[in-house]
file run-v9.txt (compact mmCIF, C-alpha atoms)
# COMPACT_ATOMS: atom_id res chain seq x y z
CA MET B 15 -2.81 -21.75 16.08
CA ARG B 16 -5.91 -22.08 13.96
CA ALA B 17 -9.09 -20.33 13.03
CA GLN B 18 -9.62 -18.06 15.99
CA ASN B 19 -6.37 -16.27 15.36
CA TYR B 20 -8.13 -14.37 12.64
CA ARG B 21 -10.27 -12.87 15.36
CA TYR B 22 -7.24 -11.64 17.24
CA TRP B 23 -5.80 -10.27 14.05
CA VAL B 24 -8.95 -8.28 13.29
CA LEU B 25 -9.11 -6.99 16.85
CA TRP B 26 -5.50 -5.98 16.62
CA ARG B 27 -6.00 -4.16 13.33
CA CYS B 28 -9.32 -2.55 14.26
CA PRO B 29 -9.22 -1.38 17.87
CA ALA B 30 -12.52 0.46 17.47
CA VAL B 31 -14.46 -2.74 16.94
CA ARG B 32 -16.59 -3.67 19.92
CA PHE B 33 -18.60 -6.54 18.49
CA LEU B 34 -17.04 -8.98 16.09
CA ASP B 35 -19.16 -11.70 14.50
CA TYR B 36 -22.01 -10.81 16.85
CA GLN B 37 -19.86 -11.50 19.88
CA LYS B 38 -18.76 -8.92 22.31
CA VAL B 39 -15.06 -8.24 22.30
CA LYS B 40 -13.57 -8.84 25.69
CA GLN B 41 -10.69 -6.98 27.15
CA ALA B 42 -8.94 -10.30 27.65
CA GLU B 43 -9.12 -10.88 23.91
CA ARG B 44 -7.56 -7.54 23.17
CA GLU B 45 -4.78 -8.36 25.56
CA LYS B 46 -4.25 -11.71 23.93
CA ALA B 47 -4.15 -10.00 20.53
CA ALA B 48 -1.59 -7.53 21.77
CA GLU B 49 0.41 -10.39 23.18
CA LEU B 50 0.28 -12.21 19.85
CA PHE B 51 1.01 -9.31 17.56
CA GLY B 52 2.63 -6.66 19.71
CA THR B 53 2.02 -2.96 19.21
CA ALA B 54 1.54 -1.20 15.90
CA GLU B 55 5.03 0.26 16.17
CA GLU B 56 6.65 -2.98 17.10
CA PRO B 57 4.83 -5.92 15.61
CA THR B 58 5.91 -9.25 17.00
CA GLU B 59 7.46 -11.94 14.95
CA LEU B 60 4.10 -13.55 14.34
CA ALA B 61 2.61 -10.33 13.03
CA SER B 62 5.40 -9.88 10.55
CA LYS B 63 5.14 -13.53 9.68
CA VAL B 64 1.57 -12.96 8.60
CA CYS B 65 2.97 -10.26 6.42
CA GLN B 66 5.86 -12.10 4.94
CA PRO B 67 6.20 -14.58 2.16
CA THR B 68 6.82 -18.10 3.33
CA GLY B 69 8.77 -20.74 1.48
CA MET B 70 7.10 -21.33 -1.84
CA GLN B 71 5.68 -17.88 -1.93
CA ALA B 72 9.08 -16.32 -1.59
CA GLU B 73 10.36 -18.39 -4.42
CA PHE B 74 7.26 -17.58 -6.39
CA SER B 75 7.64 -13.85 -6.02
CA SER B 76 11.33 -13.92 -6.72
CA LEU B 77 10.61 -15.83 -9.90
CA TYR B 78 8.13 -13.30 -11.08
CA GLY B 79 9.69 -10.22 -9.60
CA THR B 80 6.46 -9.22 -7.92
CA ASN B 81 6.69 -7.42 -4.66
CA ARG B 82 3.01 -7.83 -3.97
CA VAL B 83 3.79 -10.29 -1.22
CA GLN B 84 5.45 -7.96 1.18
CA ILE B 85 5.09 -5.83 4.24
CA MET B 86 1.49 -6.02 5.32
CA GLY B 87 1.43 -9.16 3.40
CA THR B 88 -0.43 -10.99 0.79
CA LYS B 89 -3.22 -8.84 -0.46
CA SER B 90 -5.74 -9.93 -2.95
CA ASN B 91 -5.65 -8.17 -6.24
CA THR B 92 -6.84 -4.58 -6.11
CA PHE B 93 -7.78 -2.41 -9.03
CA ASP B 94 -5.86 0.59 -7.84
CA ALA B 95 -2.83 -1.50 -7.04
CA SER B 96 0.27 0.42 -7.82
CA ALA B 97 2.25 -2.75 -8.24
CA ALA B 98 2.16 -4.45 -11.57
CA ASN B 99 -0.81 -6.76 -11.83
CA GLY B 100 1.37 -9.70 -12.54
CA PRO B 101 0.18 -13.24 -12.79
CA SER B 102 0.29 -13.60 -9.02
CA GLY B 103 -2.61 -11.40 -7.99
CA ALA B 104 -5.00 -12.37 -10.71
CA THR B 105 -4.39 -16.06 -10.37
CA LYS B 106 -4.56 -16.05 -6.63
CA SER B 107 -7.87 -14.26 -6.38
CA LYS B 108 -9.34 -16.60 -8.93
CA ILE B 109 -8.04 -19.58 -7.07
CA ALA B 110 -9.59 -18.21 -3.94
CA ARG B 111 -12.86 -17.96 -5.81
CA LEU B 112 -12.65 -21.62 -6.70
CA LYS B 113 -13.20 -22.73 -3.11
CA LEU B 114 -11.54 -26.09 -3.32
CA THR B 115 -12.46 -28.77 -0.90
CA ASP B 116 -9.62 -30.56 0.81
CA LYS B 117 -10.11 -33.53 -1.42
CA GLU B 118 -10.07 -31.45 -4.57
CA ARG B 119 -7.04 -29.56 -3.44
CA LYS B 120 -5.17 -32.74 -2.75
CA LYS B 121 -6.18 -34.18 -6.09
CA LEU B 122 -5.04 -31.01 -7.82
CA GLN B 123 -1.72 -31.11 -6.07
CA ASP B 124 -1.29 -34.72 -7.06
CA MET B 125 -2.07 -33.88 -10.65
CA ILE B 126 0.53 -31.14 -10.66
CA LYS B 127 3.10 -33.38 -9.09
CA LYS B 128 2.43 -36.17 -11.54
CA ALA B 129 2.38 -33.94 -14.56
CA SER B 130 5.06 -35.23 -16.87
CA SER B 131 5.00 -32.81 -19.76
CA LEU B 132 5.01 -29.07 -20.22
CA GLU B 133 1.72 -29.28 -22.10
CA GLU B 134 0.06 -30.85 -19.12
CA ILE B 135 1.28 -28.11 -16.83
CA ILE B 136 0.16 -25.43 -19.26
CA ARG B 137 -3.25 -27.04 -19.49
CA LEU B 138 -3.62 -27.10 -15.70
CA GLU B 139 -2.35 -23.57 -15.40
CA LYS B 140 -4.72 -22.31 -18.06
CA ALA B 141 -7.67 -23.92 -16.35
CA LEU B 142 -6.72 -22.39 -13.02
CA ASN B 143 -6.17 -19.00 -14.60
CA GLU B 144 -9.64 -19.10 -16.06
CA GLY B 145 -10.97 -19.77 -12.60
CA ARG B 146 -12.16 -23.29 -13.18
CA LEU B 147 -10.93 -26.65 -12.02
CA PRO B 148 -9.00 -28.77 -14.43
CA PRO B 149 -11.19 -31.65 -15.70
CA GLY B 150 -9.61 -34.48 -13.73
CA VAL B 151 -10.26 -32.89 -10.38
CA ILE B 152 -13.99 -32.53 -10.79
CA VAL B 153 -14.74 -35.77 -12.61
CA ASP B 154 -12.91 -37.85 -10.05
CA ASP B 155 -14.59 -36.15 -7.18
CA ALA B 156 -18.05 -36.56 -8.65
CA MET B 157 -17.46 -40.26 -9.01
CA GLU B 158 -16.36 -40.63 -5.44
CA GLU B 159 -19.40 -38.95 -4.07
CA MET O 32 -14.35 -5.24 -4.77
CA LEU O 33 -16.21 -3.10 -2.32
CA GLY O 34 -15.78 0.56 -3.10
CA ASN O 35 -16.62 3.38 -5.46
CA PHE O 36 -18.85 5.07 -2.91
CA PRO O 37 -19.42 8.80 -3.10
CA LEU O 38 -18.79 10.71 0.09
CA SER O 39 -21.62 9.51 2.32
CA PRO O 40 -21.27 10.81 5.84
CA ARG O 41 -24.75 9.66 6.85
CA ILE O 42 -24.22 5.99 6.09
CA ARG O 43 -23.92 4.17 9.38
CA THR O 44 -24.77 0.64 8.47
CA LEU O 45 -23.91 -1.51 5.51
CA LEU O 46 -25.45 -4.97 5.26
CA LEU O 47 -23.54 -6.81 2.61
CA ALA O 48 -23.86 -10.43 3.58
CA ARG O 49 -23.84 -13.02 0.82
CA ASN O 50 -22.07 -11.01 -1.78
CA ARG O 51 -18.75 -11.63 -3.42
CA VAL O 52 -16.63 -9.00 -1.77
CA SER O 53 -13.00 -10.04 -1.94
CA VAL O 54 -11.34 -6.66 -1.64
CA ILE O 55 -12.26 -3.44 0.10
CA GLN O 56 -11.19 -0.24 -1.57
CA PRO O 57 -8.41 1.35 0.49
CA ALA O 58 -10.09 4.77 0.25
CA LEU O 59 -13.46 3.53 1.50
CA PRO O 60 -13.05 4.88 5.06
CA GLN O 61 -12.80 8.39 3.64
CA ALA O 62 -16.00 7.92 1.64
CA ILE O 63 -18.00 6.49 4.55
CA PRO O 64 -16.38 8.07 7.58
CA ASN O 65 -19.24 7.40 9.98
CA LEU O 66 -19.72 3.72 9.33
CA ARG O 67 -20.60 1.94 12.55
CA ASN O 68 -21.97 -1.43 11.53
CA LEU O 69 -20.59 -3.54 8.76
CA VAL O 70 -21.88 -7.01 7.96
CA LEU O 71 -19.74 -8.89 5.49
CA ALA O 72 -20.84 -12.42 6.34
CA SER O 73 -20.52 -14.99 3.55
CA ASN O 74 -18.27 -13.02 1.31
CA ASN O 75 -14.99 -13.76 -0.33
CA LEU O 76 -12.41 -12.05 1.84
CA ALA O 77 -9.41 -14.31 1.77
CA GLU O 78 -6.39 -12.53 3.20
CA LEU O 79 -5.73 -11.09 6.61
CA ALA O 80 -3.99 -8.20 4.92
CA ASP O 81 -7.21 -7.35 3.10
CA LEU O 82 -8.79 -6.57 6.44
CA ASP O 83 -6.29 -3.84 7.25
CA VAL O 84 -8.48 -1.20 5.69
CA LEU O 85 -11.18 -1.92 8.27
CA GLY O 86 -8.89 -0.45 10.88
CA LYS O 87 -9.27 2.96 9.26
CA PHE O 88 -12.99 3.13 9.95
CA ALA O 89 -12.64 5.13 13.13
CA ARG O 90 -16.20 4.54 14.32
CA LEU O 91 -16.69 0.97 13.22
CA THR O 92 -17.93 -0.89 16.29
CA HIS O 93 -19.91 -3.84 14.96
CA LEU O 94 -18.20 -5.99 12.41
CA VAL O 95 -19.20 -9.39 11.07
CA LEU O 96 -16.87 -11.47 8.96
CA LEU O 97 -18.40 -14.88 9.50
CA ASP O 98 -18.08 -17.41 6.74
CA ASN O 99 -15.30 -15.79 4.78
CA PRO O 100 -12.27 -17.74 3.60
CA VAL O 101 -10.13 -15.60 5.88
CA THR O 102 -11.83 -16.93 9.00
CA LYS O 103 -10.51 -20.38 8.23
CA LYS O 104 -7.06 -19.11 7.61
CA GLU O 105 -4.19 -20.18 9.76
CA VAL O 106 -2.03 -17.27 10.78
CA GLY O 107 1.26 -17.56 9.01
CA ALA O 108 0.16 -20.15 6.50
CA SER O 109 0.90 -19.55 2.88
CA PRO O 110 -2.31 -18.87 0.99
CA SER O 111 -1.99 -20.90 -2.11
CA ASN O 112 0.71 -23.47 -2.32
CA THR O 113 -0.89 -24.90 -5.38
CA VAL O 114 -0.57 -21.83 -7.53
CA ALA O 115 2.95 -21.22 -6.37
CA PHE O 116 3.71 -24.78 -7.22
CA VAL O 117 2.36 -24.43 -10.74
CA TYR O 118 4.55 -21.43 -11.31
CA LYS O 119 7.52 -23.05 -9.73
CA ILE O 120 7.31 -25.90 -12.15
CA THR O 121 6.47 -23.90 -15.25
CA GLY O 122 9.17 -21.45 -14.34
CA LYS O 123 11.70 -24.21 -14.44
CA CYS O 124 10.45 -25.92 -17.56
call {"tool": "encode", "arguments": {"input": "run-v9.txt", "output": "structure tokens"}}
result
Amino acid sequence: MRAQNYRYWVLWRCPAVRFLDYQKVKQAEREKAAELFGTAEEPTELASKVCQPTGMQAEFSSLYGTNRVQIMGTKSNTFDASAANGPSGATKSKIARLKLTDKERKKLQDMIKKASSLEEIIRLEKALNEGRLPPGVIVDDAMEE
Amino acid sequence: MLGNFPLSPRIRTLLLARNRVSVIQPALPQAIPNLRNLVLASNNLAELADLDVLGKFARLTHLVLLDNPVTKKEVGASPSNTVAFVYKITGKC
């Protein structure tokens, strides 16, 4: 289910592509992509799953009334986005820019889980919104290395 | 953001490796209709849905997306549980 599925997705979305990542696209791969995602008119369940909010995300968007996470899915924030540039888009693209390692991500999740006061949450949220890691995450990691 | 190109029918190749492209302007295929080769290695494309626009380049045959966050993405996985979690909690507080 991992990694290489992105290749099938790209092949499925861009039928004109003949070389992807310097590798020739094989007919077998196209067929596999079609098998995974169906046709453009009738996307399979998996294809619409890529496009649909899952669990947390659904809750997240319902909380904030954003319909960014819909149909062809979770897009990063665009400037000409017709949808309101709510907190979702901006935060998410910044988070993506952070490039957390697994360890950092886990640490961050722990910190959020353990947060006991509203101030703590706001502090974490502010840090993430500004596109930097909250202090604890980095310091700890530096010490471990 | 990759975009803001004037109409450039003679552009066939764009080598944009090692930039910070995270989004491609939806109207880009109209501005560069004859694009054939596009190298976006080591950029910041994170979502599968952000790649949809590439499908509108009718003549795009060589595409490189190596070393983007999206290539490590599991199909169907939610992109950022952490952020959602922050909002879930703050929303309830």
call {"tool": "atom_distance", "arguments": {"input": "run-v9.txt", "atom1": "atom CA of O:Ile55", "atom2": "atom CA of B:Glu118"}}
result
28.5 Å
call {"tool": "closest_residue", "arguments": {"input": "run-v9.txt", "among": "O:Lys87, O:Asn75, O:Asn35, O:Thr92", "to": "O:Arg49", "atoms": "only C-alpha atoms"}}
result
O:Asn75
call {"tool": "atom_distance", "arguments": {"input": "run-v9.txt", "atom1": "atom CA of B:Thr115", "atom2": "atom CA of O:Thr102"}}
result
15.4 Å
call {"tool": "atom_distance", "arguments": {"input": "run-v9.txt", "atom1": "atom CA of B:Ala48", "atom2": "atom CA of O:Arg43"}}
result
28.1 Å
call {"tool": "residues_around", "arguments": {"input": "run-v9.txt", "residues": "stretch 29-46 of chain B", "least_positions_apart": "2", "cutoff": "9 Å", "atoms": "only C-alpha atoms", "output": "VMD selection string"}}
result
(chain B and resid 21 to 22 24 to 27 48 to 51) or (chain O and resid 67 70 72 86 88 to 97)
call {"tool": "residues_around", "arguments": {"input": "run-v9.txt", "residues": "O:Pro57", "least_positions_apart": "2", "cutoff": "10 Å", "atoms": "all atoms listed in the file", "output": "PDB file with C-alpha atoms, keeping the file's coordinate frame"}}
result
ATOM      1  CA  THR B  92      -6.840  -4.580  -6.110  1.00  0.00           C
ATOM      2  CA  ASP B  94      -5.860   0.590  -7.840  1.00  0.00           C
ATOM      3  CA  ALA B  95      -2.830  -1.500  -7.040  1.00  0.00           C
TER       4      ALA B  95
ATOM      5  CA  LEU O  33     -16.210  -3.100  -2.320  1.00  0.00           C
ATOM      6  CA  GLY O  34     -15.780   0.560  -3.100  1.00  0.00           C
ATOM      7  CA  VAL O  54     -11.340  -6.660  -1.640  1.00  0.00           C
ATOM      8  CA  ILE O  55     -12.260  -3.440   0.100  1.00  0.00           C
ATOM      9  CA  LEU O  59     -13.460   3.530   1.500  1.00  0.00           C
ATOM     10  CA  PRO O  60     -13.050   4.880   5.060  1.00  0.00           C
ATOM     11  CA  GLN O  61     -12.800   8.390   3.640  1.00  0.00           C
ATOM     12  CA  ASP O  81      -7.210  -7.350   3.100  1.00  0.00           C
ATOM     13  CA  LEU O  82      -8.790  -6.570   6.440  1.00  0.00           C
ATOM     14  CA  ASP O  83      -6.290  -3.840   7.250  1.00  0.00           C
ATOM     15  CA  VAL O  84      -8.480  -1.200   5.690  1.00  0.00           C
ATOM     16  CA  LEU O  85     -11.180  -1.920   8.270  1.00  0.00           C
ATOM     17  CA  LYS O  87      -9.270   2.960   9.260  1.00  0.00           C
TER      18      LYS O  87
END
call {"tool": "closest_residue", "arguments": {"input": "run-v9.txt", "among": "O:Met32, O:Asn65, O:Leu46, O:Ser39", "to": "chain B", "atoms": "only C-alpha atoms"}}
result
O:Met32
call {"tool": "residues_around", "arguments": {"input": "run-v9.txt", "residues": "O:Ile42", "least_positions_apart": "5", "cutoff": "10 Å", "atoms": "only C-alpha atoms", "output": "list in words"}}
result
Ala62, Ile63, Pro64, Asn65, Leu66, Arg67 and Asn68 of chain O
call {"tool": "residues_around", "arguments": {"input": "run-v9.txt", "residues": "O:Leu47", "least_positions_apart": "4", "cutoff": "9 Å", "atoms": "only C-alpha atoms", "output": "PyMOL selection string"}}
result
chain O and resi 52+69-74
